Amino acid sequence: MNTISKETQDLSITSLESTMNKLTNAYNTMTEKGSSTTLVKKRLNAVKIGLESLKRVWNEQSFNYNEEIIMTSKEVLQGILPSIEKQIAKAKEGSSQKTLNERRLTALLLAIESLENRLM
């Protein structure tokens, strides 16, 4: 993995933690309403594993997930990218929404790269 600045690392971790919080809230709301939670649960798990992978790469710690879980997480994260790219395209230049989604996109791309590197 290329050298990533401390600022980008911190912003990426914060972004993925925020994404996890949003997915956790969505999961809880959907559970209360009796809605299907399959997709949200998959995304929540994938973001959690991607975040953990990044943190462990940057802190030089071990990562204990098997290849199947890593592959599934990587695929789920890749599936999120198109919707974020669409949101970035729609957002006004300089808006907080655009900045948030650009950071989220960067964080997800780094998490995907981190997971890909673990499959080599």
# chains A, B, ... in the order shown; residues from 1 in each chain; ligands from 1
$ residues_around --residues "Gln9 (chain A)" --least-positions-apart "3" --cutoff "9 Å" --atoms "only C-alpha atoms" --output "PyMOL selection string"
chain A and resi 4-6+12-14+54-55+58+107
$ write_last_selection --atoms "C-alpha atoms" --output "PDB file, in the first residue's frame"
ATOM      1  CA  ILE A   4      -0.725   7.686   2.979  1.00  0.00           C
ATOM      2  CA  SER A   5      -0.445  10.951   4.894  1.00  0.00           C
ATOM      3  CA  LYS A   6      -1.467  10.980   8.548  1.00  0.00           C
ATOM      4  CA  SER A  12     -10.483   8.030   6.288  1.00  0.00           C
ATOM      5  CA  ILE A  13     -10.869   6.434   9.695  1.00  0.00           C
ATOM      6  CA  THR A  14     -13.295   9.154  10.783  1.00  0.00           C
ATOM      7  CA  LEU A  54      -6.890  -0.013   7.346  1.00  0.00           C
ATOM      8  CA  LYS A  55      -6.243   0.567  11.027  1.00  0.00           C
ATOM      9  CA  TRP A  58      -1.374   1.704   9.371  1.00  0.00           C
ATOM     10  CA  ALA A 107     -11.802   5.944   2.587  1.00  0.00           C
TER      11      ALA A 107
END
$ residues_around --residues "region 79-96 of chain A" --least-positions-apart "2" --cutoff "12 Å" --atoms "only C-alpha atoms" --output "short mmCIF file (atom, residue, chain, number, x, y, z; two decimals) with N, CA and C atoms, in the first residue's frame"
data_model
loop_
_atom_site.label_atom_id
_atom_site.label_comp_id
_atom_site.auth_asym_id
_atom_site.auth_seq_id
_atom_site.Cartn_x
_atom_site.Cartn_y
_atom_site.Cartn_z
N THR A 19 -19.63 6.28 8.72
CA THR A 19 -20.43 5.39 7.87
C THR A 19 -20.97 4.22 8.69
N LEU A 39 -29.17 -6.25 3.39
CA LEU A 39 -28.21 -5.40 2.70
C LEU A 39 -27.46 -4.50 3.69
N VAL A 40 -28.19 -3.90 4.61
CA VAL A 40 -27.56 -3.01 5.59
C VAL A 40 -26.58 -3.79 6.46
N LYS A 42 -24.93 -6.53 5.64
CA LYS A 42 -23.76 -6.84 4.82
C LYS A 42 -22.84 -5.64 4.71
N ARG A 43 -23.43 -4.48 4.45
CA ARG A 43 -22.63 -3.26 4.31
C ARG A 43 -21.96 -2.89 5.63
N LEU A 44 -22.68 -2.99 6.71
CA LEU A 44 -22.13 -2.68 8.03
C LEU A 44 -20.93 -3.57 8.33
N ALA A 46 -19.04 -5.20 6.15
CA ALA A 46 -17.96 -4.91 5.20
C ALA A 46 -17.21 -3.64 5.59
N VAL A 47 -17.93 -2.60 5.99
CA VAL A 47 -17.28 -1.35 6.41
C VAL A 47 -16.45 -1.60 7.67
N THR A 72 -15.49 -11.17 0.28
CA THR A 72 -16.88 -10.71 0.36
C THR A 72 -16.95 -9.25 0.78
N SER A 73 -16.16 -8.87 1.76
CA SER A 73 -16.15 -7.47 2.22
C SER A 73 -15.70 -6.54 1.11
N LYS A 74 -14.67 -6.93 0.40
CA LYS A 74 -14.16 -6.11 -0.71
C LYS A 74 -15.24 -5.92 -1.77
N GLU A 75 -15.94 -6.99 -2.12
CA GLU A 75 -17.00 -6.91 -3.13
C GLU A 75 -18.16 -6.02 -2.67
N VAL A 76 -18.54 -6.13 -1.41
CA VAL A 76 -19.63 -5.30 -0.89
C VAL A 76 -19.22 -3.83 -0.91
N LEU A 77 -17.99 -3.53 -0.51
CA LEU A 77 -17.51 -2.15 -0.54
C LEU A 77 -17.47 -1.62 -1.97
N LYS A 98 -20.60 17.37 -0.58
CA LYS A 98 -19.60 16.93 -1.56
C LYS A 98 -18.31 16.52 -0.85
N THR A 99 -17.87 17.34 0.10
CA THR A 99 -16.66 17.03 0.85
C THR A 99 -16.80 15.72 1.60
N LEU A 100 -17.93 15.53 2.28
CA LEU A 100 -18.19 14.31 3.03
C LEU A 100 -18.12 13.09 2.13
N ASN A 101 -18.78 13.17 0.98
CA ASN A 101 -18.80 12.02 0.07
C ASN A 101 -17.45 11.79 -0.60
N GLU A 102 -16.70 12.85 -0.86
CA GLU A 102 -15.35 12.67 -1.42
C GLU A 102 -14.45 11.96 -0.40
N ARG A 103 -14.57 12.33 0.85
CA ARG A 103 -13.80 11.66 1.90
C ARG A 103 -14.24 10.21 2.05
N ARG A 104 -15.54 9.99 1.98
CA ARG A 104 -16.06 8.62 2.07
C ARG A 104 -15.55 7.77 0.92
N LEU A 105 -15.54 8.33 -0.28
CA LEU A 105 -15.04 7.62 -1.45
C LEU A 105 -13.56 7.27 -1.28
N THR A 106 -12.78 8.22 -0.84
CA THR A 106 -11.34 7.98 -0.60
C THR A 106 -11.16 6.87 0.43
N ALA A 107 -11.91 6.94 1.52
CA ALA A 107 -11.80 5.94 2.59
C ALA A 107 -12.17 4.55 2.08
N LEU A 108 -13.24 4.47 1.30
CA LEU A 108 -13.66 3.17 0.77
C LEU A 108 -12.63 2.62 -0.21
N LEU A 109 -12.08 3.48 -1.06
CA LEU A 109 -11.06 3.03 -2.01
C LEU A 109 -9.82 2.52 -1.27
N LEU A 110 -9.43 3.21 -0.22
CA LEU A 110 -8.28 2.76 0.58
C LEU A 110 -8.59 1.43 1.28
N ALA A 111 -9.79 1.29 1.80
CA ALA A 111 -10.19 0.03 2.45
C ALA A 111 -10.19 -1.11 1.45
N ILE A 112 -10.70 -0.86 0.26
CA ILE A 112 -10.71 -1.89 -0.80
C ILE A 112 -9.29 -2.29 -1.15
#
$ atom_distance --atom1 "CA of Leu23 (chain A)" --atom2 "CA of Gln78 (chain A)"
16.2 Å
$ atom_distance --atom1 "CA of Asn25 (chain A)" --atom2 "CA of Leu11 (chain A)"
21.0 Å
$ atom_distance --atom1 "CA of Leu16 (chain A)" --atom2 "CA of Leu51 (chain A)"
6.3 Å
$ residues_around --residues "Ile70 (chain A)" --least-positions-apart "6" --cutoff "9 Å" --atoms "only C-alpha atoms" --output "number ranges by chain"
A: 46, 49-50, 115-116, 118-119
$ select_by_dssp --residues "chain A" --states "helix (DSSP H, G or I)" --output "MDAnalysis selection string"
chainID A and resid 6:33 38:58 67:90 96:118
